[in-house]
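**Q** Let me begin by handing over the structure; questions about it come next.
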Amino acid sequence: MTAPSEVRTAARDLEAALRRDLEGEVAFDDYTRHLFSRDASMYAIEPQGVVFPRHADDVRAAVAAAAAHGVPLVPRGAGTSLAGQTVGPGLVLDLSRHMHRIVELDADARTALVEPGVVQDQLNRAAAPHGLMFGPDTSTSNRATIGGMAGNNSAGSGSIRYGMTIDHIRELDVVLSDGTTARLAPVDEAERARRAGLDTLEGRLYRELPRIVDAHAASIASDFPAYWRRSGGYRLDRLPGPGGEPPFDLAKFVVGSEGTLVVATRALVDLVPKPARTVIAVGHFTSVAGAIEATEDALGLDPAAVEMMDRTILDLSRQKIEYAALGSILEGDPEALLFVSFTGDSADDDGELNGRLQELTALWKRHGHGYHTLQAVTPAQQSGLLKVRKSSLGLLMAASEGTRRPLAFIEDTAVDPKHLAAYTRRFKQVLDRHGLNAGFYGHCSVGCLHIRPFVDVADPAQVRTMRAVAEEIKELVREYGGVNSSEHGDGLARSEFNRELYGDDLYEAMREVKGLFDPENRLNPGKIVDAPAMTEHLRDAALPPAPPLRTHLDFEVLGGGGMRGAADRCMNIGLCRKSDTGAMCPSYMVTKHEHDSTRGRANALVKALSEPDPKAALGDEGLHEVLDLCLMCKACKSECPLGVDMATLKAETLAHHHEQHGTPLRSRVFGAIRRLNRLGSATAPLSNLPLPRRLLERGLGIARARPLPVFARRNLVTWFRRRPASVAGSQGTVTLLADSFTTYTDPDVGRAAVELLERAGWHVQLESGGCCGRAAFSKGLLDQAKAQAGDLVHRLADAGEGPIVGCEPSCLLTLRDEHRALLPGDPAVADVSGRVKQLEELLTEAIDDGRLQLRDDAGPAGRRILFHGHCHQKAEVGTAATVALLQRIPGAEVVELDAGCCGMAGSFGFEAEHYDTSMAVGEDRLFPAVRAEPDDTVLAATGVSCRQQIHHGTERTAVHPLQLIREALR
């Protein structure tokens, strides 16, 4: 056995060599190694180090260095592999951070030349103006990389029409296991023979592969599964056999090889015409079996996709703001839905597509399939449906309870659709016999259902059950002539069974292929051939019990399992790595660094909270660096299907860091923002004079480039006290929370709120006695936040029983969220949080009732309103109420931006070391969208930070929606 000192020396030597030879970053620290020990599977293997290549030369240098030091190497894209393909010992190559260029897009040839880190949706956005797209449509298209899709031979919902990734790869630039490079593409026999004469590893491939094919021709012809939709094993069936016709295509041959044969650095891929029109029939069924049996009718009408989703997924979607639109359009309470899509190339196809919808509806009715068919023919009608369908995996994972999780060990089988109903019944019988529950969803059109039983791999008895079920399902698949790996690859979950599935001769041929490409077994060893048992390297089984830790916040009210349980909810599905929609995760969208994703931060916390002294680990500077760029926007709380609440986790971590290292002066200043703003208002206009910004940056770390707020001498409190007393209203009494920003820097917003509420029939009382604690909470000053919360909550509880409203979403919604963790069990918190309403809800009701009347001859009527919602509002309650209120303005065109976080995030954008990131987040989508608007477009934003950021980044002024409603009053 190698001594630990020798291992450390070898790792240092490898790290030094990589730093010398690569332009990209090299990371061998404990936290990075831990983050890259996991993917979206149930496995974990810690590597020696991680490199982030900038270009193909870096990849070549890394492969050569790993070979020279005898270290295995694992190529990795988004790390969303479900079978453990992207975890392993040695060196991990993160090909997603820098190598994500679309080098060339040739619309005439319908091809794109891309680096492996290009995300599928990124390529589709670039191809869309040309009416093109990448054919395979994965549910992870907003984070799955083309390199990862090629590694797994991914497919998706449209595979009945577009096939699999292997069908769309033309050429690959690769690095071979010895560090040499090659371009793999179809070649005729003359070119194959020429390359076979080279005295290189590439030459040996062209010499020896025909020999392997010839020697095992009989088993290649007979022992591959008959069903076409497969992503397992090496594709010897794709090479011409004895007497077969060229071309000899190594590019397609290595697709699906999971990084065990080559490392791809560029891919030339085919593009396909993008359908111009899509219509969807959504059948409602009283059972999963009924939905599957209805598939045959759908397949007879040439659909683009047939997808099934069971009640488990539906019920979970109803618990998420993000997916609320689906529940509002369903009929009754179905046990399963069947989505059938039909597509056309132009608007001229509308009649034919609608005809097929009607024909399917009639067929299902005639054959007694289902009880209702919803027809979605417009993008607006389809958006909620498609959003939930693509999020099925994440929603299912959200049902995890501690270490009892829905696991992907039998979820990638496929059989001919004609056998699917019988096969699924037998499958369910196996699960029932072993006492396992599972969610059912997937691609009925190609006989692939993703079935994930709930298993606790920390329990050895359940691990044995898992293995027994895997073996039974493997045999059931063989009985029906299906495949064990149909789109998610072999990895660690299924490679162990390949000898049984393919037979000895074909399996030995695959071992010869591995030995030919990779004689030293350095490229992602243990996948496809010579694999460990599927029950080795299990993530949760290897995790030690959580050591005791006393926390300031009550994590039991946030889901149970303590602080580590809250972090360990993350199952690495990687939705936080998306970069074109939503708000999660703003800093990742800028840096493309795993550390800056919600997944990365959650995994770092799991590591810290598993240390023998977790309290000390929470004060570790390495952990602090991982969490540093978290804006605490709370987007992860709603957009992460598992609800990983990184804002709360970071607040607790900061509190422990302060206890060990002291609280920075700047944190104390920002934590006392109400006192600071009150002082600024009292001393205005002197407080608004220019300050020596260089000294402010040096002394407090406040960015000199960031404009400071302007304090109002006549603040909301003084205005409210001096105005005529608010009379009794017909609607009762409403309490308006006078937050620290509306009160002292934006009092006009507060005045608008008071005037609108009174005109709507409410008696308004102003709660201005203290701070909600949000600012202190965000700085980790949790004792201070707790005291502020307790004081405010009990004043509000004593102030009456009417609704509580506010203008600043982060402050108002703190009453519903953070106060539960700060003051667990306090009945006043439940009382107050239950009374919190969005002001927009009350005003919309008043407009609809006629108590508020808006004119159409002035104000923003007839104008375009571009609305940007506050991140906390999106996370906690959604923006529908604000959009609905703005839509009440007669003639106004309201457009809500999907622009993510503005980047300001309270104090984050003021902090010198975060200023560049803050502005980069704004530049991601928000600033370009605002600049693209005509000068007469009205900009609206609910957050004071958002309005500040928009003005600073674009020199355009945004107003609060309440100000627009007041302006439009009759």
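Just remember, in the structure tokens the first chain shown is A, the second B, etc., residues are 1-based per chain, and ligands are 1-based in the order shown.
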Tell me, which residues of region 97-259 of chain A carry DSSP strand (DSSP E or B), written as an MDAnalysis selection string?
**A** chainID A and resid 102:106 111:114 119 132:133 145 169:175 181:184 186:187 248:249
**Q** Could those residues be written to a file, using C-alpha atoms, as a PDB file, in the first residue's frame?
**A**
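Result file is selection.pdb:
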ATOM      1  CA  ILE A 102     -19.915  27.910 -30.890  1.00  0.00           C
ATOM      2  CA  VAL A 103     -17.030  28.104 -33.336  1.00  0.00           C
ATOM      3  CA  GLU A 104     -19.111  28.158 -36.513  1.00  0.00           C
ATOM      4  CA  LEU A 105     -22.720  27.715 -37.512  1.00  0.00           C
ATOM      5  CA  ASP A 106     -23.336  26.916 -41.187  1.00  0.00           C
ATOM      6  CA  THR A 111     -24.114  22.030 -39.165  1.00  0.00           C
ATOM      7  CA  ALA A 112     -22.488  23.612 -36.136  1.00  0.00           C
ATOM      8  CA  LEU A 113     -18.890  23.322 -34.955  1.00  0.00           C
ATOM      9  CA  VAL A 114     -18.923  23.511 -31.159  1.00  0.00           C
ATOM     10  CA  VAL A 119     -25.069  23.855 -23.648  1.00  0.00           C
ATOM     11  CA  LEU A 132     -32.754  25.121 -37.042  1.00  0.00           C
ATOM     12  CA  MET A 133     -32.095  23.239 -33.802  1.00  0.00           C
ATOM     13  CA  THR A 145     -23.537  20.082 -22.691  1.00  0.00           C
ATOM     14  CA  ILE A 169     -22.439  13.690 -34.796  1.00  0.00           C
ATOM     15  CA  ARG A 170     -20.421  14.207 -37.987  1.00  0.00           C
ATOM     16  CA  GLU A 171     -16.875  14.749 -36.767  1.00  0.00           C
ATOM     17  CA  LEU A 172     -15.008  14.870 -33.473  1.00  0.00           C
ATOM     18  CA  ASP A 173     -11.678  16.432 -32.606  1.00  0.00           C
ATOM     19  CA  VAL A 174     -10.313  14.293 -29.772  1.00  0.00           C
ATOM     20  CA  VAL A 175      -7.347  13.773 -27.507  1.00  0.00           C
ATOM     21  CA  THR A 181      -4.771  14.318 -31.068  1.00  0.00           C
ATOM     22  CA  ALA A 182      -6.937  13.058 -33.904  1.00  0.00           C
ATOM     23  CA  ARG A 183      -9.907  14.097 -35.997  1.00  0.00           C
ATOM     24  CA  LEU A 184     -12.499  11.339 -36.175  1.00  0.00           C
ATOM     25  CA  PRO A 186     -16.179   8.936 -41.769  1.00  0.00           C
ATOM     26  CA  VAL A 187     -13.408   7.661 -44.082  1.00  0.00           C
ATOM     27  CA  PHE A 248     -15.423   3.585 -41.393  1.00  0.00           C
ATOM     28  CA  ASP A 249     -16.709   6.126 -38.868  1.00  0.00           C
TER      29      ASP A 249
END
**Q** I'd like the contact shell of Val430 (chain A) - 8 Å cut-off, only C-alpha atoms, skipping same-chain residues fewer than 2 positions apart - returned as a list in words.
**A**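 Surrounding residues, per the criterion: Arg426, Phe427, Lys428, Asp432, Arg433, His434, Val469, Glu472 and Ile473 of chain A.
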**Q** Just want the 10 Å neighbourhood of Arg569 (chain A), counted on only C-alpha atoms, with same-chain residues fewer than 2 positions away dropped. Output as a list in words.
**A**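 Here the qualifying residues turn out to be Met397, Ala398, Ala399, Ser400, Glu401, Gly402, Thr403, Arg405, Gly559, Gly561, Arg564, Gly565, Ala566, Ala567, Met571, Asn572, Arg599, Ala602, Asn603, Val606, Pro641, Leu642, Gly643, Val644 and Asp645 of chain A.
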**Q** Excluding region 800-802 of chain A and its own-chain neighbours fewer than 4 positions away, which residues fall within 8 Å of it when counting only C-alpha atoms? Please give them as a PyMOL selection string.
**A** chain A and resi 732-735+796+835
**Q** Take the residues from that selection and put them in a file with C-alpha atoms, as a tab-separated table (two decimals), in the first residue's frame.
**A**
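again.tsv written:
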chain	number	residue	atom	x	y	z
A	732	GLY	CA	-61.37	47.67	7.70
A	733	THR	CA	-57.81	48.39	8.86
A	734	VAL	CA	-54.66	47.50	6.99
A	735	THR	CA	-51.15	47.78	8.43
A	796	LEU	CA	-47.77	43.60	14.60
A	835	ARG	CA	-51.95	38.07	7.68
**Q** As an exercise, work out the distance from CA of Gly163 (chain A) to CA of Arg229 (chain A) in Å and give it to one decimal place.
**A**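 Calculated distance between CA of Gly163 (chain A) and CA of Arg229 (chain A) is 8.0 Å.
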**Q** Which residue, A:Phe777, A:Gly922, A:Cys946, A:His960, has the smallest gap to Glu840 (chain A) when you use only C-alpha atoms?
**A**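 Under the stated criterion, the closest residue is A:His960.
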**Q** Please measure the separation of CA of Arg855 (chain A) and CA of Leu969 (chain A), giving the value in Å to one decimal.
**A** 5.8 Å
**Q** Measuring between only C-alpha atoms, which one of A:Glu46, A:Asp345, A:Glu808, A:Asp350 shows the shortest distance to Leu839 (chain A)?
**A**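 Between A:Glu46, A:Asp345, A:Glu808, A:Asp350, the residue approaching Leu839 (chain A) most closely is A:Glu808.
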**Q** Give the answer as one residue: which of A:Gln731, A:Gln85, A:Ser918, A:Ser154 has the shortest atom-to-atom distance to Ala705 (chain A), using only C-alpha atoms?
**A**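 The shortest atom-to-atom distance to Ala705 (chain A) comes from A:Ser918.
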**Q** Of the candidates A:Pro586, A:Pro724, A:Gly780, A:Pro614, which one gets nearest to Gly671 (chain A) if we count only C-alpha atoms?
**A**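 The closest residue to Gly671 (chain A) is A:Gly780.
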**Q** Kindly provide the residues of region 435-511 of chain A that approach region 224-228 of chain A to within 12 Å, each paired with its closest atom pair and their distance in Å to one decimal, based on only C-alpha atoms, listed by chain and increasing number, as a tab-separated table.
**A**
residue	atom	partner	partner_atom	distance
A:Val446	CA	A:Trp228	CA	9.5
A:Gly447	CA	A:Tyr227	CA	9.9
A:Cys448	CA	A:Tyr227	CA	11.3
A:Val477	CA	A:Pro225	CA	9.8
A:Arg478	CA	A:Pro225	CA	8.1
A:Glu479	CA	A:Pro225	CA	10.8
A:Tyr480	CA	A:Tyr227	CA	9.7
A:Gly481	CA	A:Ala226	CA	6.3
A:Gly482	CA	A:Tyr227	CA	5.7
A:Val483	CA	A:Pro225	CA	6.2
A:Asn484	CA	A:Pro225	CA	9.2
A:Ser485	CA	A:Pro225	CA	10.5
A:Ser486	CA	A:Trp228	CA	8.8
A:Glu487	CA	A:Trp228	CA	11.1
A:Asn498	CA	A:Phe224	CA	10.7
A:Arg499	CA	A:Phe224	CA	11.4
A:Glu500	CA	A:Phe224	CA	11.5
A:Leu501	CA	A:Pro225	CA	8.3
A:Tyr502	CA	A:Phe224	CA	6.2
A:Gly503	CA	A:Phe224	CA	9.0
A:Asp504	CA	A:Phe224	CA	11.9
A:Asp505	CA	A:Phe224	CA	11.2
A:Leu506	CA	A:Phe224	CA	8.2
A:Tyr507	CA	A:Phe224	CA	10.1
A:Met510	CA	A:Phe224	CA	11.7
**Q** What is the distance between CA of Phe339 (chain A) and CA of Gly574 (chain A), in Å to one decimal?
**A**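 About the pair CA of Phe339 (chain A) and CA of Gly574 (chain A): they are 24.8 Å apart.
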**Q** With only C-alpha atoms as the basis for distance, which of A:Leu696, A:Ile146, A:Ala107, A:Ala61 is at the shortest distance from Ala78 (chain A)?
**A**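 With only C-alpha atoms as the atom set, the closest residue is A:Ile146.
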**Q** Please provide the set of residues having any atom within 10 Å of Ile847 (chain A), restricted to only C-alpha atoms, with same-chain residues fewer than 4 positions apart removed, written as a ChimeraX atom specification.
**A** /A:760,842-843,851-854,885,888-889
**Q** Looking only at the backbone, which of the residues in region 554-752 of chain A does DSSP tag as helix (DSSP H, G or I), as a ChimeraX atom specification?
**A** /A:562-567,575-577,586-591,594-596,598-609,614-618,621-627,635-639,646-661,665-671,673-682,686-688,693-700,716-722,747-752
**Q** Produce a file of the selected residues containing C-alpha atoms, as a JSON list (two decimals), in the first residue's frame.
**A**
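For reference, out15.json as written:
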[["chain", "number", "residue", "atom", "x", "y", "z"],
["A", 562, "GLY", "CA", -30.79, 19.94, 10.79],
["A", 563, "MET", "CA", -28.46, 22.20, 8.88],
["A", 564, "ARG", "CA", -26.70, 19.35, 7.08],
["A", 565, "GLY", "CA", -30.02, 17.85, 6.07],
["A", 566, "ALA", "CA", -31.03, 21.20, 4.58],
["A", 567, "ALA", "CA", -27.83, 21.30, 2.50],
["A", 575, "LEU", "CA", -30.78, 23.07, -12.60],
["A", 576, "CYS", "CA", -28.81, 25.82, -10.85],
["A", 577, "ARG", "CA", -26.38, 25.69, -13.80],
["A", 586, "PRO", "CA", -27.01, 34.67, -10.72],
["A", 587, "SER", "CA", -23.31, 34.39, -9.92],
["A", 588, "TYR", "CA", -23.00, 31.04, -11.69],
["A", 589, "MET", "CA", -24.47, 32.62, -14.81],
["A", 590, "VAL", "CA", -21.53, 35.04, -14.75],
["A", 591, "THR", "CA", -18.63, 32.84, -13.66],
["A", 594, "GLU", "CA", -19.19, 25.00, -10.05],
["A", 595, "HIS", "CA", -18.33, 26.76, -6.77],
["A", 596, "ASP", "CA", -20.86, 29.45, -7.64],
["A", 598, "THR", "CA", -26.33, 26.33, -5.64],
["A", 599, "ARG", "CA", -25.23, 22.72, -6.07],
["A", 600, "GLY", "CA", -21.59, 23.60, -5.43],
["A", 601, "ARG", "CA", -22.36, 25.63, -2.32],
["A", 602, "ALA", "CA", -24.69, 22.97, -0.92],
["A", 603, "ASN", "CA", -22.07, 20.26, -1.42],
["A", 604, "ALA", "CA", -19.40, 22.42, 0.21],
["A", 605, "LEU", "CA", -21.65, 22.82, 3.25],
["A", 606, "VAL", "CA", -22.29, 19.06, 3.38],
["A", 607, "LYS", "CA", -18.53, 18.56, 3.56],
["A", 608, "ALA", "CA", -18.09, 21.15, 6.32],
["A", 609, "LEU", "CA", -21.03, 19.83, 8.33],
["A", 614, "PRO", "CA", -18.65, 21.26, 12.15],
["A", 615, "LYS", "CA", -18.73, 24.55, 14.07],
["A", 616, "ALA", "CA", -15.05, 25.11, 13.35],
["A", 617, "ALA", "CA", -15.54, 23.99, 9.74],
["A", 618, "LEU", "CA", -18.24, 26.64, 9.26],
["A", 621, "GLU", "CA", -11.96, 30.46, 4.94],
["A", 622, "GLY", "CA", -12.17, 27.95, 2.09],
["A", 623, "LEU", "CA", -15.89, 27.49, 2.75],
["A", 624, "HIS", "CA", -16.29, 31.25, 3.08],
["A", 625, "GLU", "CA", -14.80, 31.68, -0.40],
["A", 626, "VAL", "CA", -17.20, 29.12, -1.88],
["A", 627, "LEU", "CA", -20.20, 30.96, -0.42],
["A", 635, "ALA", "CA", -34.13, 32.04, -6.21],
["A", 636, "CYS", "CA", -32.91, 28.56, -5.27],
["A", 637, "LYS", "CA", -35.68, 28.26, -2.72],
["A", 638, "SER", "CA", -38.29, 28.22, -5.47],
["A", 639, "GLU", "CA", -36.41, 27.33, -8.67],
["A", 646, "MET", "CA", -28.93, 28.74, 0.23],
["A", 647, "ALA", "CA", -29.76, 32.21, 1.58],
["A", 648, "THR", "CA", -30.69, 30.77, 4.96],
["A", 649, "LEU", "CA", -27.75, 28.36, 4.96],
["A", 650, "LYS", "CA", -25.35, 31.20, 4.18],
["A", 651, "ALA", "CA", -26.78, 33.39, 6.96],
["A", 652, "GLU", "CA", -26.13, 30.62, 9.50],
["A", 653, "THR", "CA", -22.64, 30.03, 8.12],
["A", 654, "LEU", "CA", -21.80, 33.74, 8.34],
["A", 655, "ALA", "CA", -22.91, 33.79, 11.97],
["A", 656, "HIS", "CA", -20.45, 31.00, 12.82],
["A", 657, "HIS", "CA", -17.72, 32.72, 10.80],
["A", 658, "HIS", "CA", -18.25, 35.94, 12.78],
["A", 659, "GLU", "CA", -18.09, 34.07, 16.08],
["A", 660, "GLN", "CA", -14.67, 32.73, 15.18],
["A", 661, "HIS", "CA", -13.15, 35.65, 13.29],
["A", 665, "LEU", "CA", -17.36, 46.70, 10.49],
["A", 666, "ARG", "CA", -19.10, 46.81, 7.12],
["A", 667, "SER", "CA", -21.41, 43.98, 8.16],
["A", 668, "ARG", "CA", -22.33, 45.88, 11.30],
["A", 669, "VAL", "CA", -23.03, 49.01, 9.27],
["A", 670, "PHE", "CA", -25.24, 47.27, 6.72],
["A", 671, "GLY", "CA", -26.92, 45.25, 9.45],
["A", 673, "ILE", "CA", -29.33, 49.93, 7.81],
["A", 674, "ARG", "CA", -32.54, 51.25, 9.38],
["A", 675, "ARG", "CA", -30.61, 53.29, 11.91],
["A", 676, "LEU", "CA", -28.26, 54.48, 9.19],
["A", 677, "ASN", "CA", -31.10, 55.48, 6.86],
["A", 678, "ARG", "CA", -32.96, 57.24, 9.66],
["A", 679, "LEU", "CA", -29.82, 59.21, 10.48],
["A", 680, "GLY", "CA", -29.32, 60.04, 6.79],
["A", 681, "SER", "CA", -32.90, 61.31, 6.55],
["A", 682, "ALA", "CA", -32.59, 63.40, 9.73],
["A", 686, "LEU", "CA", -26.09, 67.41, 4.38],
["A", 687, "SER", "CA", -26.05, 63.60, 4.26],
["A", 688, "ASN", "CA", -26.50, 63.72, 0.49],
["A", 693, "ARG", "CA", -15.44, 57.72, -1.98],
["A", 694, "ARG", "CA", -11.82, 56.57, -1.95],
["A", 695, "LEU", "CA", -11.82, 56.70, 1.84],
["A", 696, "LEU", "CA", -15.22, 55.01, 2.00],
["A", 697, "GLU", "CA", -13.91, 52.17, -0.12],
["A", 698, "ARG", "CA", -10.79, 51.79, 1.98],
["A", 699, "GLY", "CA", -12.53, 52.11, 5.31],
["A", 700, "LEU", "CA", -15.75, 50.17, 4.69],
["A", 716, "LEU", "CA", -42.64, 58.57, 5.03],
["A", 717, "VAL", "CA", -43.03, 58.69, 8.80],
["A", 718, "THR", "CA", -42.96, 62.50, 9.03],
["A", 719, "TRP", "CA", -45.32, 62.80, 6.06],
["A", 720, "PHE", "CA", -47.76, 60.32, 7.59],
["A", 721, "ARG", "CA", -47.75, 62.07, 10.96],
["A", 722, "ARG", "CA", -48.42, 65.51, 9.49],
["A", 747, "PRO", "CA", -40.99, 57.78, 0.49],
["A", 748, "ASP", "CA", -42.99, 58.58, -2.65],
["A", 749, "VAL", "CA", -43.62, 54.85, -3.06],
["A", 750, "GLY", "CA", -44.97, 54.67, 0.48],
["A", 751, "ARG", "CA", -47.15, 57.73, -0.07],
["A", 752, "ALA", "CA", -48.58, 56.11, -3.19]]
**Q** Find the residues around Gly790 (chain A) up to 12 Å (only C-alpha atoms counted), leave out those fewer than 3 positions away in its own chain, and share them as a list in words.
**A**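 Everything that qualifies: Gly770, Cys771, Cys772, Gly773, Leu782, Asp783, Gln784, Ala785, Lys786, Ala787, Val793, His794, Arg795, Leu796, Ala797, Leu815, Glu818, His819, Arg820, Ala821, Leu822, Leu823, Pro824, Gly825, Asp826, Pro827, Ala828, Val829 and Val832 of chain A.
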**Q** Of the candidates A:Ala541, A:Ala144, A:Leu420, A:Leu516, which one gets nearest to Gln122 (chain A) if we count only C-alpha atoms?
**A**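 Under the stated criterion, the closest residue is A:Ala144.
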